[in-house]
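Notes follow once the structure below has been shown.
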Amino acid sequence: MTAETGLVALWLAAALALAQLVLGALALKNGADAARAAPTVRAVATVQGALALAAMAALIAAFLASDMSVALVAANSHSMKPTLYKFAGAWGNHEGSMLLWVTILGLAGAAVARLEHRLRADTLVATLAAQAAIALGFYAFLLFASNPFARLDPAPADGAGLNPLLQDPGLAFHPPTLYAGYVGLSVAFSFAVGALVTRDVGAAFARAMRPWVLGAWIFLTLGITAGSYWAYYELGWGGWWFWDPVENASLMPWLAATALLHSVSVLATRDGLRAWTVMLAVVAFSMSMIGTFLVRSGILTSVHAFAVDPRRGAFILALLVIYIGGALLLFGLRIGTVRQGKLFEGVSREGALVANNLLLTVILGIVLIGTFYPIVAAAMGVQLSVGPPFFDSTAGPVALLLVAVLAAGPVMRWRRDDPGEVAQRLFPAIAATLFAGVGTFVLGGPIAPLPLLGIALGVGLAVASVAPLAKRNLRRAPLQLWGMVVAHLGVAVSLIGMAASTAYTQERLVAVGTGDPARVAGFTVRLEGVRPLVGDNWTALEGHLNVTLDDEAIAVLRPQVRYFTTPVTTTNESAILTRWDGQLYAVLGTLGEDGRWQLRLWWKPMVTLIWFGGFLIALGGALALVGHQWRLWQQRRRADAVAETAAWSAA
Amino acid sequence: MRRAAALLALWGAMPAMAQTALPPLAYTQLRDPEQERQARALMETLRCLVCQGQSIADSDADMAGEMRALVRQRVAAGETPRAVRDWLIARYGDYVSYDPPVSRATLPLWLAPLLLLAIGVVVARGSFRRRRRWR
């Protein structure tokens with residue numbers, strides 16, 4: 001019954017999305033109706049979100065109960081699987097992940113309906129109608145092309161199991177977070193469409209949109225950071241970014257959202273960059289949908305391609321064309337009526353933010369072209385691959401340029417600034433950059449130019465990022481400012497981690513017998529033995545590695561090779577020793593004919609900074625979000641107090 | 001009880017499960033650090049043909065292992081990394097290289113970043129200058 005309940009909820013949600021769209025459109029035909037229709041549209045959007053959530057809950061219930069008569073459960077689950085993976089396995093497949101996608105879409109719409117009170121009534125109605133239009137397409141996709149609740153008759157005795165690579169706590173966290181980010185950007189898209197429809201693009205609109213963009217961006221940042229760490233420890237070779245098409249699919253919305261976040265600030269604070277902000281909102285969610293398309297269509301091979309089907313790809317492609325094309329058409333028709341925003345000089349905070357936006361967009365363009373080029377080339381009969389060497393050598397330098405702008409921007413004044421004074425304010429940062437660069441080059445041993453620049457600029461940025469706090473009373477500095485400082489510091493920290501671990505990683509691949517020492521970066525690792533182990537749905541061989549540093553035993557590492565039977569797969573469970581200055585990463589390989597075990601060891605200096613920096617970036621976003629909301633709350637309280645005093649004196 | 005039985009069965013099966021027929025150089029380094037560095041750098045740019053978007057430097061697939069061994073053998077025998085790469089491309093096509101060689105088919109790809117940057121600079125400069133005149 002659970003499956004049927006879920007299906008009914010999904011159909012009802014689709015019907016309500018249609019109602020929400022029609023109601024909104026009718027109300028907008030006559031502007032005066034909008035204010036009257038708003039409460040109804042809000043209510044419909046809320047119920048629609050709740051129904052989508054109910055459908056998701058029904059699917060999770062079917063997975064938890066291992067109801068093998070549901071085709072999706074039979075194909076992707078197994079009764080012996082640990083409960084956590086039964087639960088998270090609900091979205092570890094195509095249909096389930098698409099249902100999660102629309103659930104978050106519905107919840108985002110419901111959140112806007114409940115929480116958004118700053119937007120003009122007609123713009124709110126238009127925004128919710130746009131959100132409903134998106135939801136409707138993806139409900140149709142689920143109901144007609146990817147029904148997660150389809151039954152199997154007869155039901156098999158047990159399921160086929162979940163891809164063991166996905167059987168990791170990361171599965172419970174990474175996809176929902178990333179999807180919250182992807183789909184959160186739909187709100188920015190709907191805001192932009194709504195404001196274009198009602199010709200409401202301005203500072204007030206930007207202030208209303210900002211928290212939603214910030215929220216989505218925080219989730220996206222956390223999702224990418226978590227995904228990167230998951231790949232790092234799970235794939236067993238110590239790589240943290242592969243320029244894999246699906247990674248690129250998550251990076252592109254992040255780049256667009258980061259640009260949007262900064263341009264929406266210009267619009268909110270200075271009422272500039274109106275058209276550009278609206279355009280970025282459209283681009284950001286378009287990148288999210290393209291990301292979904294990339295992952296779900298099967299046109300790209302990737303570690304994430306756990307369910308691919310070209311027919312579904314065609315369906316999503318059609319949705320993509322309708323939404324992106326429609327939004328761009330509306331943009332083209334209406335942008336003439338959007339007044340030019342306030343003007344400014346090249347050397348100013350706005351100027352730096354424009355440079356930030358352009359460089360982020362250039363990186364986005366490079367990633368987009370690099371990701372799709374092999375597909376286009378294949379269509380023309382040329383088989384080729386575009387991978388890390390291309391992206392590193394093209395996006396890398398642009399990113400470093402962006403870091404330089406990022407260091408300078410926050411110390412500039414709005415509207416107009418003096419280049420000489422800016423240079424003066426940046427003096428400590430420039431000195432730190434040179435000092436770190438020369439120091440690394442002289443003391444650190446051979447290093448490639450890009451990592452060297454990365455370390456130098458990273459240190460410089462770290463110094464520059466705290467400059468806005470200089471000469472300020474730290475306790476009185478607004479939370480938004482702290483947010484910016486922490487996020488920018490996070491970029492610096494992450495950059496230093498990337499550059500240092502790329503430049504100074506030490507690798508040791510050896511075959512060892514029991515008791516033989518293997519040395520890497522001053523550590524001595526001894527294999528004491530290998531023993532078998534049985535888990536819930538796997539068996540494993542576990543190595544016992546004694547790690548010594550300067551003749552002192554410091555740790556025992558236990559890397560595993562796990563053997564899964566449903567489906568038959570072998571995974572490496574790396575063992576990682578985290579120290580303040582890096583990680584020692586150990587993987588147990590196979591047994592050679594001479595009775596020796598293969599061992600893969602890496603010393604990765606500063607590598608943890610990559611994810612710590614990512615966390616700081618998200619934390620900065622959260623501080624800014626709380627800061628903006630806090631100020632809003634205070635303003636409202638002050639306004640209430642004034643009104644109360646006025647009412648009192650009138651009485 | 002079931003666990004104990006599985007454990008017992010595993011003891012017997014252990015060597016068979018873990019064994020490999022791959023050449024040793026698939027999983028061991030060259031003695032000469034400079035040669036190993038060259039081989040490693042090359043491996044990072046070669047695509048594992050049976051994997052899903054991974055280089056041969058970070059894949060557990062047998063074919064990736066064989067290709068790693070081949071790269072190390074050839075580099076150890078004194079071939080330049082470029083020659084090894086060309087040999088692999090001649091054998092498997094451009095698809096094997098993550099670093100697309102500049103050709104008529106890839107010229108737009110390699111020019112795109114420069115073009116994008118140029119457009120960006122023109123857009124930025126144009127808008128600032130126009131703005132200044134308006135003031």
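Scheme for the structure tokens: letters A, B, ... for chains in order shown; per-chain residue numbers from 1; ligand numbers from 1 in order shown.
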Val376 (chain A) environment, 12 Å, only C-alpha atoms, sequence neighbours closer than 2 positions dropped, as a compact mmCIF listing (two decimals) with C-alpha atoms, in the first residue's frame:
# COMPACT_ATOMS: atom_id res chain seq x y z
CA ILE A 299 25.51 10.82 -22.49
CA LEU A 300 28.55 10.99 -20.27
CA LEU A 368 31.21 24.04 -19.69
CA ILE A 369 33.09 23.87 -23.00
CA GLY A 370 35.62 21.35 -21.69
CA THR A 371 32.86 19.10 -20.37
CA PHE A 372 30.73 19.14 -23.50
CA TYR A 373 33.50 19.27 -26.11
CA PRO A 374 33.98 15.47 -26.26
CA ALA A 378 31.94 12.59 -30.97
CA ALA A 379 28.86 13.81 -32.85
CA MET A 380 31.22 14.92 -35.59
CA GLY A 381 33.01 11.60 -35.61
CA VAL A 382 36.07 12.52 -33.53
CA GLN A 383 36.73 10.54 -30.35
CA LEU A 384 38.68 12.51 -27.79
CA SER A 385 38.94 13.09 -24.06
CA VAL A 386 39.21 16.35 -22.17
CA ALA B 105 39.48 19.22 -34.18
CA THR B 106 40.70 20.59 -30.84
CA PRO B 108 38.39 25.65 -30.84
CA LEU B 109 38.70 23.92 -27.45
Please tabulate, as a tab-separated table, the residues of chain A that come within 6 Å of chain B, each with its closest pair of atoms and the distance in Å to one decimal, counting only C-alpha atoms and ordering rows by chain, then residue number upward.
residue	atom	partner	partner_atom	distance
A:Trp237	CA	B:Asp58	CA	5.2
A:Asp244	CA	B:Gly53	CA	5.9
A:Thr301	CA	B:Gln52	CA	5.1
A:Ser302	CA	B:Gln52	CA	4.4
A:Val303	CA	B:Gln52	CA	5.3
A:Gly346	CA	B:Phe128	CA	5.6
A:Leu358	CA	B:Gly120	CA	5.8
A:Val362	CA	B:Leu116	CA	5.8
A:Ile366	CA	B:Pro113	CA	5.8
A:Gln383	CA	B:Tyr95	CA	5.4
A:Leu384	CA	B:Tyr95	CA	4.0
A:Ser385	CA	B:Tyr95	CA	5.0
A:Val386	CA	B:Tyr98	CA	4.9
A:Gly387	CA	B:Tyr98	CA	4.4
A:Pro389	CA	B:Asp99	CA	5.3
A:Phe390	CA	B:Asp99	CA	5.8
A:Leu509	CA	B:Thr28	CA	4.8
A:Val510	CA	B:Thr28	CA	5.1
A:Thr590	CA	B:Ala18	CA	4.9
A:Leu591	CA	B:Gln19	CA	4.7
A:Gly592	CA	B:Gln19	CA	5.9
In terms of the shortest atom-to-atom distance over only C-alpha atoms, which of A:Val246, A:Ala140, A:Val197, A:Ile610 is closest to Leu330 (chain A)?
->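 Using only C-alpha atoms, the shortest distance to Leu330 (chain A) belongs to A:Val197.
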Based on DSSP run over this structure's backbone, return all residues of region 265-415 of chain A in helix (DSSP H, G or I), as number ranges by chain.
-> A: 265-270, 274-297, 310-337, 349-379, 388-411
Selection above as a file: C-alpha atoms, as a compact mmCIF listing (two decimals), in the first residue's frame:
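Once written, selection-v2.txt looks like this:
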# COMPACT_ATOMS: atom_id res chain seq x y z
CA SER A 265 24.91 42.20 -3.25
CA VAL A 266 25.74 45.00 -5.69
CA LEU A 267 22.07 45.19 -6.65
CA ALA A 268 20.90 45.14 -3.02
CA THR A 269 23.45 47.66 -1.74
CA ARG A 270 24.05 49.95 -4.70
CA ARG A 274 20.27 44.81 -12.61
CA ALA A 275 20.17 42.96 -15.92
CA TRP A 276 23.31 41.02 -15.11
CA THR A 277 21.92 39.76 -11.79
CA VAL A 278 18.72 38.55 -13.43
CA MET A 279 20.76 36.85 -16.15
CA LEU A 280 22.97 35.10 -13.58
CA ALA A 281 19.91 33.83 -11.69
CA VAL A 282 18.69 32.25 -14.92
CA VAL A 283 22.15 30.84 -15.72
CA ALA A 284 22.67 29.43 -12.22
CA PHE A 285 19.55 27.27 -12.22
CA SER A 286 20.09 26.39 -15.88
CA MET A 287 23.46 24.98 -14.82
CA SER A 288 21.68 22.97 -12.10
CA MET A 289 19.30 21.50 -14.65
CA ILE A 290 22.14 20.82 -17.07
CA GLY A 291 23.89 19.11 -14.17
CA THR A 292 20.86 16.90 -13.63
CA PHE A 293 20.72 16.25 -17.35
CA LEU A 294 24.42 15.37 -17.47
CA VAL A 295 24.09 12.88 -14.65
CA ARG A 296 20.75 11.37 -15.62
CA SER A 297 20.95 11.23 -19.42
CA PRO A 310 18.94 7.86 -23.24
CA ARG A 311 15.13 8.12 -23.58
CA ARG A 312 14.91 9.78 -20.22
CA GLY A 313 17.72 12.02 -21.35
CA ALA A 314 15.56 13.18 -24.25
CA PHE A 315 12.71 14.00 -21.83
CA ILE A 316 15.00 16.03 -19.56
CA LEU A 317 16.56 17.70 -22.59
CA ALA A 318 13.07 18.83 -23.68
CA LEU A 319 12.38 20.23 -20.20
CA LEU A 320 15.73 22.01 -20.31
CA VAL A 321 14.97 23.62 -23.65
CA ILE A 322 11.53 24.75 -22.46
CA TYR A 323 12.68 26.27 -19.16
CA ILE A 324 16.00 27.77 -20.17
CA GLY A 325 14.71 28.85 -23.56
CA GLY A 326 11.54 30.31 -22.03
CA ALA A 327 13.48 32.22 -19.38
CA LEU A 328 15.94 33.58 -21.93
CA LEU A 329 13.07 34.61 -24.21
CA LEU A 330 11.39 36.43 -21.34
CA PHE A 331 14.75 38.01 -20.50
CA GLY A 332 15.15 39.19 -24.11
CA LEU A 333 11.63 40.61 -24.24
CA ARG A 334 11.66 42.35 -20.88
CA ILE A 335 15.23 43.40 -20.31
CA GLY A 336 14.67 46.59 -22.31
CA THR A 337 12.23 47.72 -19.64
CA ARG A 349 34.10 47.82 -4.88
CA GLU A 350 31.59 47.47 -7.71
CA GLY A 351 34.41 47.33 -10.25
CA ALA A 352 36.09 44.50 -8.34
CA LEU A 353 32.77 42.67 -8.09
CA VAL A 354 32.25 43.04 -11.85
CA ALA A 355 35.74 41.58 -12.38
CA ASN A 356 34.86 38.77 -9.95
CA ASN A 357 31.69 38.06 -11.92
CA LEU A 358 33.45 38.07 -15.28
CA LEU A 359 36.27 35.80 -14.12
CA LEU A 360 33.84 33.36 -12.47
CA THR A 361 31.84 33.36 -15.71
CA VAL A 362 34.99 32.72 -17.75
CA ILE A 363 35.86 29.74 -15.53
CA LEU A 364 32.27 28.56 -15.88
CA GLY A 365 32.58 28.87 -19.68
CA ILE A 366 35.84 26.90 -19.70
CA VAL A 367 34.37 24.10 -17.59
CA LEU A 368 31.21 24.04 -19.69
CA ILE A 369 33.09 23.87 -23.00
CA GLY A 370 35.62 21.35 -21.69
CA THR A 371 32.86 19.10 -20.37
CA PHE A 372 30.73 19.14 -23.50
CA TYR A 373 33.50 19.27 -26.11
CA PRO A 374 33.98 15.47 -26.26
CA ILE A 375 30.24 15.02 -26.89
CA VAL A 376 30.19 17.57 -29.68
CA ALA A 377 33.38 16.11 -31.16
CA ALA A 378 31.94 12.59 -30.97
CA ALA A 379 28.86 13.81 -32.85
CA PRO A 388 42.64 17.33 -15.84
CA PRO A 389 45.54 18.60 -17.99
CA PHE A 390 43.15 20.84 -19.96
CA PHE A 391 41.21 22.16 -16.98
CA ASP A 392 44.28 22.67 -14.79
CA SER A 393 46.12 24.64 -17.44
CA THR A 394 43.17 26.81 -18.50
CA ALA A 395 40.84 27.26 -15.50
CA GLY A 396 43.80 27.23 -13.07
CA PRO A 397 45.44 30.52 -14.13
CA VAL A 398 42.05 32.28 -14.40
CA ALA A 399 41.20 31.08 -10.89
CA LEU A 400 44.49 32.51 -9.59
CA LEU A 401 43.65 35.83 -11.26
CA LEU A 402 40.30 35.67 -9.51
CA VAL A 403 42.08 35.12 -6.19
CA ALA A 404 44.06 38.32 -6.77
CA VAL A 405 40.83 40.26 -7.42
CA LEU A 406 39.28 38.60 -4.39
CA ALA A 407 42.11 39.89 -2.21
CA ALA A 408 41.69 43.46 -3.48
CA GLY A 409 37.89 43.78 -3.69
CA PRO A 410 36.90 43.85 -0.01
CA VAL A 411 39.35 46.66 0.88
Report the distance between CA of Phe149 (chain A) and CA of Leu84 (chain A) in Å, rounded to one decimal place.
-> 20.5 Å
For CA of Gly24 (chain A) and CA of Leu136 (chain A), quote the distance in Å rounded to one decimal.
->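 Straight-line distance from CA of Gly24 (chain A) to CA of Leu136 (chain A) works out to 13.8 Å.
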Rounded to one decimal place, report the CA of Ala45 (chain A)-CA of Ala110 (chain A) distance in Å.
->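 The value is 5.2 Å.
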Filtered DSSP result for region 358-514 of chain A, state strand (DSSP E or B), as number ranges by chain | A: 506-512
